[in-house]
>>> print(open('start-v4.pdb').read())   # PDB, C-alpha atoms, pLDDT in the B column
ATOM      1  CA  VAL A 105      -0.768 -14.456 -13.147  1.00 79.00           C
ATOM      2  CA  TRP A 106      -3.924 -13.483 -15.054  1.00 80.00           C
ATOM      3  CA  ASP A 107      -4.563 -11.055 -17.898  1.00 77.00           C
ATOM      4  CA  ILE A 108      -7.467  -8.963 -16.585  1.00 73.00           C
ATOM      5  CA  ALA A 109      -8.873  -7.971 -19.987  1.00 77.00           C
ATOM      6  CA  SER A 110      -9.091 -11.507 -21.370  1.00 82.00           C
ATOM      7  CA  ALA A 111      -9.343 -13.426 -18.050  1.00 80.00           C
ATOM      8  CA  ARG A 112      -6.606 -15.667 -19.435  1.00 84.00           C
ATOM      9  CA  GLY A 113      -3.995 -17.303 -17.240  1.00 81.00           C
ATOM     10  CA  LEU A 114      -0.467 -16.213 -18.205  1.00 79.00           C
ATOM     11  CA  ALA A 115       1.800 -18.027 -15.759  1.00 79.00           C
ATOM     12  CA  ARG A 116       1.693 -20.200 -12.657  1.00 82.00           C
ATOM     13  CA  PHE A 117       4.164 -20.063  -9.776  1.00 83.00           C
ATOM     14  CA  GLU A 118       4.798 -22.692  -7.131  1.00 81.00           C
ATOM     15  CA  PRO A 119       6.590 -20.941  -4.243  1.00 79.00           C
ATOM     16  CA  PRO A 120       8.272 -23.192  -1.679  1.00 77.00           C
ATOM     17  CA  GLY A 121       7.514 -22.944   2.028  1.00 69.00           C
ATOM     18  CA  PRO A 122       4.438 -23.357   4.230  1.00 71.00           C
ATOM     19  CA  SER A 123       2.377 -20.373   3.050  1.00 84.00           C
ATOM     20  CA  VAL A 124       2.343 -17.325   0.788  1.00 90.00           C
ATOM     21  CA  LEU A 125       1.287 -14.157   2.629  1.00 90.00           C
ATOM     22  CA  CYS A 126       1.744 -11.552  -0.110  1.00 90.00           C
ATOM     23  CA  ALA A 127       2.497 -11.095  -3.800  1.00 91.00           C
ATOM     24  CA  GLY A 128       3.043  -8.307  -6.308  1.00 91.00           C
ATOM     25  CA  ILE A 129       3.859  -7.673  -9.960  1.00 92.00           C
ATOM     26  CA  SER A 130       5.902  -4.947 -11.639  1.00 92.00           C
ATOM     27  CA  SER A 131       4.062  -2.291 -13.662  1.00 86.00           C
ATOM     28  CA  ASP A 132       5.422  -3.632 -16.979  1.00 90.00           C
ATOM     29  CA  GLY A 133       4.280  -7.148 -16.088  1.00 90.00           C
ATOM     30  CA  SER A 134       7.729  -8.716 -16.476  1.00 93.00           C
ATOM     31  CA  LEU A 135       8.543  -9.531 -12.853  1.00 94.00           C
ATOM     32  CA  ALA A 136       6.487 -10.939  -9.988  1.00 94.00           C
ATOM     33  CA  ALA A 137       7.286 -11.345  -6.306  1.00 95.00           C
ATOM     34  CA  SER A 138       5.885 -13.655  -3.634  1.00 94.00           C
ATOM     35  CA  ALA A 139       6.777 -14.000   0.040  1.00 93.00           C
ATOM     36  CA  GLY A 140       5.540 -15.425   3.293  1.00 91.00           C
ATOM     37  CA  ALA A 141       6.323 -17.611   6.259  1.00 91.00           C
ATOM     38  CA  ASP A 142       9.517 -19.083   4.771  1.00 92.00           C
ATOM     39  CA  LYS A 143      11.276 -15.745   5.494  1.00 92.00           C
ATOM     40  CA  ARG A 144      12.229 -15.228   1.852  1.00 93.00           C
ATOM     41  CA  VAL A 145      11.088 -13.212  -1.151  1.00 96.00           C
ATOM     42  CA  HIS A 146      10.914 -15.081  -4.447  1.00 95.00           C
ATOM     43  CA  LEU A 147      11.239 -13.120  -7.698  1.00 96.00           C
ATOM     44  CA  TRP A 148       9.692 -14.722 -10.779  1.00 94.00           C
ATOM     45  CA  ASN A 149       9.768 -14.241 -14.526  1.00 92.00           C
ATOM     46  CA  ALA A 150       6.091 -13.387 -14.940  1.00 90.00           C
ATOM     47  CA  ALA A 151       5.986 -14.668 -18.527  1.00 86.00           C
ATOM     48  CA  THR A 152       7.450 -18.115 -17.882  1.00 87.00           C
ATOM     49  CA  GLY A 153       6.786 -18.736 -14.190  1.00 87.00           C
ATOM     50  CA  VAL A 154      10.471 -19.550 -13.647  1.00 91.00           C
ATOM     51  CA  GLU A 155      12.071 -18.271 -10.434  1.00 93.00           C
ATOM     52  CA  ALA A 156      14.630 -15.564 -11.248  1.00 94.00           C
ATOM     53  CA  ARG A 157      16.052 -14.818  -7.801  1.00 94.00           C
ATOM     54  CA  THR A 158      15.548 -15.429  -4.086  1.00 94.00           C
ATOM     55  CA  LEU A 159      15.957 -12.596  -1.564  1.00 95.00           C
ATOM     56  CA  SER A 160      16.883 -13.675   1.944  1.00 91.00           C
ATOM     57  CA  GLY A 161      18.180 -12.223   5.206  1.00 89.00           C
ATOM     58  CA  PHE A 162      14.817 -11.885   6.964  1.00 91.00           C
ATOM     59  CA  HIS A 163      14.391 -12.897  10.601  1.00 89.00           C
ATOM     60  CA  SER A 164      10.618 -13.363  10.498  1.00 90.00           C
ATOM     61  CA  SER A 165       7.701 -13.777   8.096  1.00 91.00           C
ATOM     62  CA  VAL A 166       7.399 -11.347   5.200  1.00 92.00           C
ATOM     63  CA  TRP A 167       4.018  -9.615   5.105  1.00 87.00           C
ATOM     64  CA  CYS A 168       4.089  -7.233   2.166  1.00 88.00           C
ATOM     65  CA  VAL A 169       5.953  -6.429  -1.070  1.00 91.00           C
ATOM     66  CA  ALA A 170       5.669  -3.563  -3.578  1.00 88.00           C
ATOM     67  CA  PHE A 171       7.574  -2.717  -6.767  1.00 88.00           C
ATOM     68  CA  SER A 172       8.732   0.787  -7.642  1.00 84.00           C
ATOM     69  CA  PRO A 173       7.007   2.277 -10.733  1.00 79.00           C
ATOM     70  CA  ASP A 174      10.043   1.426 -12.897  1.00 86.00           C
ATOM     71  CA  GLY A 175      10.359  -2.095 -11.449  1.00 89.00           C
ATOM     72  CA  LYS A 176      13.996  -1.585 -10.450  1.00 90.00           C
ATOM     73  CA  ARG A 177      13.373  -1.670  -6.700  1.00 89.00           C
ATOM     74  CA  LEU A 178      11.248  -3.762  -4.388  1.00 91.00           C
ATOM     75  CA  ALA A 179      10.045  -2.566  -0.983  1.00 89.00           C
ATOM     76  CA  VAL A 180       9.571  -5.359   1.554  1.00 91.00           C
ATOM     77  CA  GLY A 181       7.956  -5.265   4.991  1.00 88.00           C
ATOM     78  CA  SER A 182       8.378  -8.075   7.512  1.00 89.00           C
ATOM     79  CA  GLN A 183       7.081  -9.054  10.921  1.00 86.00           C
ATOM     80  CA  ASP A 184      10.287  -7.833  12.591  1.00 85.00           C
ATOM     81  CA  ARG A 185       9.164  -4.236  11.792  1.00 84.00           C
ATOM     82  CA  ILE A 186      11.984  -3.576   9.360  1.00 86.00           C
ATOM     83  CA  ALA A 187      11.490  -2.104   5.888  1.00 87.00           C
ATOM     84  CA  ARG A 188      14.032  -3.233   3.299  1.00 89.00           C
ATOM     85  CA  ILE A 189      14.522  -1.925  -0.230  1.00 89.00           C
ATOM     86  CA  PHE A 190      16.070  -4.341  -2.739  1.00 92.00           C
ATOM     87  CA  ASP A 191      17.613  -3.779  -6.152  1.00 93.00           C
ATOM     88  CA  THR A 192      15.680  -6.272  -8.289  1.00 94.00           C
ATOM     89  CA  ALA A 193      18.546  -6.705 -10.783  1.00 93.00           C
ATOM     90  CA  THR A 194      21.220  -7.579  -8.229  1.00 94.00           C
ATOM     91  CA  GLY A 195      19.175  -8.777  -5.245  1.00 94.00           C
ATOM     92  CA  LYS A 196      21.159  -6.497  -2.949  1.00 94.00           C
ATOM     93  CA  VAL A 197      19.642  -4.417  -0.147  1.00 92.00           C
ATOM     94  CA  SER A 198      19.891  -0.691  -0.878  1.00 86.00           C
ATOM     95  CA  ALA A 199      18.207   0.500   2.338  1.00 84.00           C
ATOM     96  CA  THR A 200      17.128  -0.928   5.698  1.00 86.00           C
ATOM     97  CA  VAL A 201      14.964   1.069   8.110  1.00 84.00           C
ATOM     98  CA  ALA A 202      13.631   0.046  11.533  1.00 82.00           C
ATOM     99  CA  LEU A 203      10.042   1.146  12.187  1.00 81.00           C
ATOM    100  CA  GLU A 204       7.702   1.517  15.137  1.00 77.00           C
ATOM    101  CA  GLY A 205       4.170   0.186  15.482  1.00 75.00           C
ATOM    102  CA  ASP A 206       2.821  -2.239  12.879  1.00 75.00           C
ATOM    103  CA  PRO A 207       3.397  -0.617   9.476  1.00 74.00           C
ATOM    104  CA  ARG A 208       2.484  -2.683   6.414  1.00 78.00           C
ATOM    105  CA  GLY A 209       1.759  -2.413   2.709  1.00 75.00           C
ATOM    106  CA  PRO A 210       4.813  -0.538   1.392  1.00 81.00           C
ATOM    107  CA  VAL A 211       4.117   1.779  -1.543  1.00 84.00           C
ATOM    108  CA  LEU A 212       6.911   3.561  -3.363  1.00 81.00           C
ATOM    109  CA  ALA A 213       6.279   7.174  -4.346  1.00 84.00           C
ATOM    110  CA  PRO A 214       6.135   7.915  -8.087  1.00 79.00           C
ATOM    111  CA  ASP A 215       9.587   9.534  -7.956  1.00 79.00           C
ATOM    112  CA  GLY A 216      11.038   6.394  -6.339  1.00 77.00           C
ATOM    113  CA  GLN A 217      12.666   8.419  -3.551  1.00 82.00           C
ATOM    114  CA  VAL A 218      10.237   7.728  -0.698  1.00 87.00           C
ATOM    115  CA  VAL A 219       8.532   4.561   0.497  1.00 86.00           C
ATOM    116  CA  TYR A 220       5.301   4.841   2.495  1.00 89.00           C
ATOM    117  CA  LEU A 221       4.050   2.297   5.010  1.00 88.00           C
ATOM    118  CA  LEU A 222       0.703   2.368   6.767  1.00 89.00           C
ATOM    119  CA  ASP A 223       0.098   1.456  10.404  1.00 89.00           C
ATOM    120  CA  ARG A 224      -3.673   1.019  10.717  1.00 89.00           C
ATOM    121  CA  GLY A 225      -3.697   1.798  14.442  1.00 91.00           C
ATOM    122  CA  LYS A 226      -6.423   0.434  16.724  1.00 93.00           C
ATOM    123  CA  PRO A 227      -9.736   1.747  15.364  1.00 94.00           C
ATOM    124  CA  ASN A 228     -12.742   1.905  17.670  1.00 94.00           C
ATOM    125  CA  ASP A 229     -16.163   3.514  17.242  1.00 93.00           C
ATOM    126  CA  ASN A 230     -15.784   4.904  20.752  1.00 94.00           C
ATOM    127  CA  PRO A 231     -13.827   8.181  20.364  1.00 95.00           C
ATOM    128  CA  ASP A 232     -12.243   7.680  23.792  1.00 95.00           C
ATOM    129  CA  LYS A 233     -10.750   4.324  22.755  1.00 96.00           C
ATOM    130  CA  ASN A 234      -9.961   4.965  19.091  1.00 96.00           C
ATOM    131  CA  GLN A 235      -6.284   5.074  18.088  1.00 95.00           C
ATOM    132  CA  ASN A 236      -5.687   6.613  14.665  1.00 96.00           C
ATOM    133  CA  GLY A 237      -3.422   5.008  12.112  1.00 94.00           C
ATOM    134  CA  ARG A 238      -0.005   6.388  11.238  1.00 93.00           C
ATOM    135  CA  LEU A 239       1.725   6.935   7.904  1.00 93.00           C
ATOM    136  CA  HIS A 240       5.487   6.350   7.830  1.00 90.00           C
ATOM    137  CA  ALA A 241       7.468   8.138   5.102  1.00 91.00           C
ATOM    138  CA  VAL A 242      10.955   6.672   4.632  1.00 86.00           C
ATOM    139  CA  SER A 243      13.599   8.439   2.534  1.00 86.00           C
ATOM    140  CA  LEU A 244      15.580   6.109   0.280  1.00 77.00           C
ATOM    141  CA  THR A 245      18.337   8.729   0.085  1.00 78.00           C
ATOM    142  CA  SER A 246      19.025   9.135   3.800  1.00 82.00           C
ATOM    143  CA  ARG A 247      17.611   5.675   4.698  1.00 77.00           C
ATOM    144  CA  GLU A 248      15.766   7.255   7.599  1.00 84.00           C
ATOM    145  CA  VAL A 249      12.166   7.878   8.559  1.00 87.00           C
ATOM    146  CA  MET A 250      11.359  11.377   7.278  1.00 91.00           C
ATOM    147  CA  VAL A 251       8.085  11.823   9.120  1.00 92.00           C
ATOM    148  CA  VAL A 252       5.339   9.835  10.837  1.00 92.00           C
ATOM    149  CA  SER A 253       1.916  11.427  10.252  1.00 94.00           C
ATOM    150  CA  ASP A 254      -1.603  10.940  11.540  1.00 94.00           C
ATOM    151  CA  ALA A 255      -3.442   8.764   8.986  1.00 95.00           C
ATOM    152  CA  GLY A 256      -6.914   9.163  10.484  1.00 95.00           C
ATOM    153  CA  SER A 257      -9.331   6.573  11.815  1.00 95.00           C
ATOM    154  CA  ARG A 258      -9.346   3.107  10.281  1.00 94.00           C
ATOM    155  CA  PRO A 259      -7.216   3.943   7.208  1.00 94.00           C
ATOM    156  CA  ARG A 260      -8.001   1.443   4.454  1.00 91.00           C
ATOM    157  CA  GLY A 261      -4.908   1.824   2.337  1.00 88.00           C
ATOM    158  CA  LEU A 262      -2.738   3.779  -0.073  1.00 89.00           C
ATOM    159  CA  VAL A 263      -3.548   4.063  -3.778  1.00 88.00           C
ATOM    160  CA  LEU A 264      -1.028   5.108  -6.424  1.00 83.00           C
ATOM    161  CA  ASP A 265      -2.488   7.516  -8.997  1.00 85.00           C
ATOM    162  CA  GLU A 266       0.073   6.800 -11.721  1.00 76.00           C
ATOM    163  CA  ASP A 267      -1.321   9.253 -14.294  1.00 80.00           C
ATOM    164  CA  ARG A 268      -0.946  12.209 -11.908  1.00 82.00           C
ATOM    165  CA  LYS A 269       2.120  10.936 -10.054  1.00 84.00           C
ATOM    166  CA  ARG A 270       0.562  11.099  -6.600  1.00 89.00           C
ATOM    167  CA  LEU A 271      -0.548   8.911  -3.715  1.00 91.00           C
ATOM    168  CA  LEU A 272      -4.011   8.850  -2.176  1.00 94.00           C
ATOM    169  CA  LEU A 273      -4.953   7.756   1.352  1.00 95.00           C
ATOM    170  CA  PHE A 274      -8.513   6.893   2.307  1.00 96.00           C
ATOM    171  CA  GLY A 275     -10.318   5.791   5.473  1.00 96.00           C
ATOM    172  CA  ASP A 276     -13.023   6.706   7.971  1.00 96.00           C
ATOM    173  CA  GLY A 277     -13.678  10.104   9.478  1.00 95.00           C
ATOM    174  CA  ALA A 278     -13.088  10.667  13.186  1.00 95.00           C
ATOM    175  CA  PRO A 279     -15.548   8.677  15.352  1.00 96.00           C
ATOM    176  CA  VAL A 280     -18.201  10.596  17.283  1.00 94.00           C
ATOM    177  CA  LYS A 281     -20.458   9.639  20.153  1.00 93.00           C
ATOM    178  CA  GLY A 282     -24.088   8.822  19.483  1.00 92.00           C
ATOM    179  CA  PRO A 283     -26.153   7.599  16.497  1.00 91.00           C
ATOM    180  CA  ALA A 284     -24.374   9.965  14.072  1.00 91.00           C
ATOM    181  CA  ASN A 285     -21.257   7.810  14.305  1.00 91.00           C
ATOM    182  CA  ARG A 286     -22.769   5.148  12.050  1.00 87.00           C
ATOM    183  CA  ASP A 287     -23.172   7.536   9.107  1.00 88.00           C
ATOM    184  CA  ARG A 288     -20.078   9.693   9.535  1.00 93.00           C
ATOM    185  CA  ALA A 289     -18.340  10.600   6.296  1.00 95.00           C
ATOM    186  CA  GLY A 290     -15.194   8.926   5.097  1.00 96.00           C
ATOM    187  CA  GLU A 291     -12.033  10.804   4.135  1.00 97.00           C
ATOM    188  CA  LEU A 292      -9.720  10.963   1.128  1.00 97.00           C
ATOM    189  CA  ARG A 293      -6.342  12.709   1.303  1.00 96.00           C
ATOM    190  CA  VAL A 294      -3.560  13.438  -1.161  1.00 96.00           C
ATOM    191  CA  ILE A 295      -0.063  12.698   0.158  1.00 93.00           C
ATOM    192  CA  ALA A 296       2.156  15.775  -0.169  1.00 85.00           C
ATOM    193  CA  ASN A 297       5.699  16.259   1.164  1.00 81.00           C
ATOM    194  CA  GLY A 298       5.505  12.984   3.055  1.00 86.00           C
ATOM    195  CA  SER A 299       2.259  13.744   4.897  1.00 90.00           C
ATOM    196  CA  PRO A 300      -1.498  13.489   4.201  1.00 93.00           C
ATOM    197  CA  GLY A 301      -3.144  16.729   3.068  1.00 93.00           C
ATOM    198  CA  THR A 302      -6.525  18.177   4.011  1.00 94.00           C
ATOM    199  CA  ALA A 303      -9.294  15.590   4.242  1.00 95.00           C
ATOM    200  CA  ILE A 304     -11.842  15.495   1.404  1.00 96.00           C
ATOM    201  CA  PRO A 305     -15.231  14.165   2.621  1.00 96.00           C
ATOM    202  CA  VAL A 306     -16.361  11.023   0.791  1.00 97.00           C
ATOM    203  CA  VAL A 307     -18.892   8.233   1.211  1.00 96.00           C
ATOM    204  CA  SER A 308     -19.181   6.584   4.621  1.00 95.00           C
ATOM    205  CA  SER A 309     -17.004   3.472   5.148  1.00 93.00           C
ATOM    206  CA  PRO A 310     -15.007   3.764   1.890  1.00 95.00           C
ATOM    207  CA  GLU A 311     -13.703   0.430   0.621  1.00 94.00           C
ATOM    208  CA  ARG A 312     -12.007   1.059  -2.731  1.00 93.00           C
ATOM    209  CA  ILE A 313     -11.153   3.667  -5.354  1.00 94.00           C
ATOM    210  CA  GLU A 314     -11.700   3.422  -9.108  1.00 92.00           C
ATOM    211  CA  VAL A 315     -11.070   5.772 -12.026  1.00 90.00           C
ATOM    212  CA  SER A 316     -14.040   6.169 -14.353  1.00 88.00           C
ATOM    213  CA  ALA A 317     -13.892   4.651 -17.841  1.00 85.00           C
ATOM    214  CA  ASP A 318     -13.429   8.086 -19.458  1.00 90.00           C
ATOM    215  CA  GLY A 319     -10.677   9.020 -16.991  1.00 89.00           C
ATOM    216  CA  LYS A 320     -12.432  12.222 -15.964  1.00 92.00           C
ATOM    217  CA  SER A 321     -13.458  11.282 -12.438  1.00 94.00           C
ATOM    218  CA  LEU A 322     -12.454   9.251  -9.410  1.00 95.00           C
ATOM    219  CA  ASP A 323     -15.080   7.067  -7.742  1.00 95.00           C
ATOM    220  CA  VAL A 324     -14.784   6.288  -4.036  1.00 96.00           C
ATOM    221  CA  LEU A 325     -16.967   3.242  -3.346  1.00 96.00           C
ATOM    222  CA  GLY A 326     -18.298   2.459   0.113  1.00 94.00           C
ATOM    223  CA  LEU A 327     -20.835   0.215   1.787  1.00 85.00           C
ATOM    224  CA  ARG A 328     -23.533   2.869   1.487  1.00 85.00           C
ATOM    225  CA  GLY A 329     -22.894   4.457  -1.879  1.00 94.00           C
ATOM    226  CA  VAL A 330     -20.372   6.197  -4.138  1.00 95.00           C
ATOM    227  CA  THR A 331     -18.689   9.604  -4.094  1.00 97.00           C
ATOM    228  CA  ARG A 332     -17.607  10.906  -7.507  1.00 96.00           C
ATOM    229  CA  LEU A 333     -14.748  13.426  -7.616  1.00 97.00           C
ATOM    230  CA  ALA A 334     -13.686  15.308 -10.735  1.00 96.00           C
ATOM    231  CA  LEU A 335     -10.078  14.848 -11.886  1.00 94.00           C
ATOM    232  CA  PRO A 336      -7.518  16.175 -11.482  1.00 93.00           C
ATOM    233  CA  GLY A 337      -8.607  18.517  -8.662  1.00 93.00           C
ATOM    234  CA  LEU A 338     -10.840  16.017  -6.798  1.00 95.00           C
ATOM    235  CA  GLN A 339     -13.792  18.413  -6.536  1.00 94.00           C
ATOM    236  CA  PRO A 340     -17.234  16.842  -5.931  1.00 91.00           C
ATOM    237  CA  SER A 341     -19.025  16.255  -9.219  1.00 84.00           C
TER     238      SER A 341
END
>>> encode(input="start-v4.pdb", output="structure tokens")
Amino acid sequence: VWDIASARGLARFEPPGPSVLCAGISSDGSLAASAGADKRVHLWNAATGVEARTLSGFHSSVWCVAFSPDGKRLAVGSQDRIARIFDTATGKVSATVALEGDPRGPVLAPDGQVVYLLDRGKPNDNPDKNQNGRLHAVSLTSREVMVVSDAGSRPRGLVLDEDRKRLLLFGDGAPVKGPANRDRAGELRVIANGSPGTAIPVVSSPERIEVSADGKSLDVLGLRGVTRLALPGLQPS
């Protein structure tokens, strides 16, 4: 674990097993998680590097982990297409949901009541062959999939906007035939009520999102430039 501001190493973990496929850290920096091909999730004291707990019960490799904003729950996705939510204090499973497709990268909503997983689909620059991604919204109250929504072409990922308590989804625009396909705009959407909202055009082939140093704008960075959007409304600036 590294402190970003000082570039100083804080702790070192040595997970058992053949390989580590994913890792995460709680927002307060106290707890870290690692998982992989050993079919277990290892929780660590991020300050000391000492293992605090091992979560088991998986039937295949674990691909992704994500802490809730308060650090009390951990969402885990595994190769068997099952999403599990663990209580980090007790290590017990609070919810288990079977999913379709290949959803990965669980992100817990700011209110801690919904976990989102992204299936990237089968993107193709040929509109006739392109298969859009899908966004799975899973309720932690009912332990069921609330809705599966169209996530657009080649969705890159979900970003938690902690200051405004919202989730953002970004990816490519719909593919078109001909030379215009190369320069088609990307898309940014705000997740509302479990589903992506209206697409906001951004730079082509968006790769990451950053908040400006003064906190007044959101920069969407792509291979061919940057789109700056004013906060909080995300209007072009």
>>> closest_residue(input="start-v4.pdb", among="A:Ile313, A:Arg270, A:Lys226, A:Ala187", to="Glu248 of chain A", atoms="only C-alpha atoms")
A:Ala187
>>> closest_residue(input="start-v4.pdb", among="A:Arg144, A:Ser341, A:Val154, A:Thr302", to="Glu118 of chain A", atoms="only C-alpha atoms")
A:Val154
>>> resolve_selection(input="start-v4.pdb", expression="the PyMOL selection byres ((chain A and resi 326) around 8)", output="list in words")
Val307, Ser308, Ser309, Pro310, Glu311, Arg312, Val324, Leu325, Leu327, Arg328, Gly329 and Val330 of chain A
>>> atom_distance(input="start-v4.pdb", atom1="atom CA of Cys168 of chain A", atom2="atom CA of Gly225 of chain A")
17.1 Å
>>> residues_around(input="start-v4.pdb", residues="Pro231 of chain A", least_positions_apart="3", cutoff="7 Å", atoms="only C-alpha atoms", output="mmCIF file with C-alpha atoms, keeping the file's coordinate frame")
data_model
loop_
_atom_site.group_PDB
_atom_site.id
_atom_site.type_symbol
_atom_site.label_atom_id
_atom_site.label_comp_id
_atom_site.auth_asym_id
_atom_site.auth_seq_id
_atom_site.Cartn_x
_atom_site.Cartn_y
_atom_site.Cartn_z
ATOM 1 C CA ASN A 228 -12.742 1.905 17.670
ATOM 2 C CA ASN A 234 -9.961 4.965 19.091
ATOM 3 C CA PRO A 279 -15.548 8.677 15.352
ATOM 4 C CA VAL A 280 -18.201 10.596 17.283
ATOM 5 C CA LYS A 281 -20.458 9.639 20.153
#
>>> residues_near_point(input="start-v4.pdb", point="(-18.8, 14.9, -5.6)", cutoff="7 Å", atoms="only C-alpha atoms", output="list in words")
Thr331, Arg332, Leu333, Gln339, Pro340 and Ser341 of chain A
>>> resolve_selection(input="start-v4.pdb", expression="the PyMOL selection byres ((chain A and resi 175) around 12)", output="VMD selection string")
chain A and resid 128 to 137 147 170 to 174 176 to 179 189 to 193 212 214 216
>>> residues_around(input="start-v4.pdb", residues="Gly153 of chain A", least_positions_apart="3", cutoff="9 Å", atoms="all atoms listed in the file", output="list of chain:residue names")
A:Val105, A:Leu114, A:Ala115, A:Arg116, A:Phe117, A:Glu118, A:Ala136, A:Trp148, A:Asn149, A:Ala150, A:Ala156
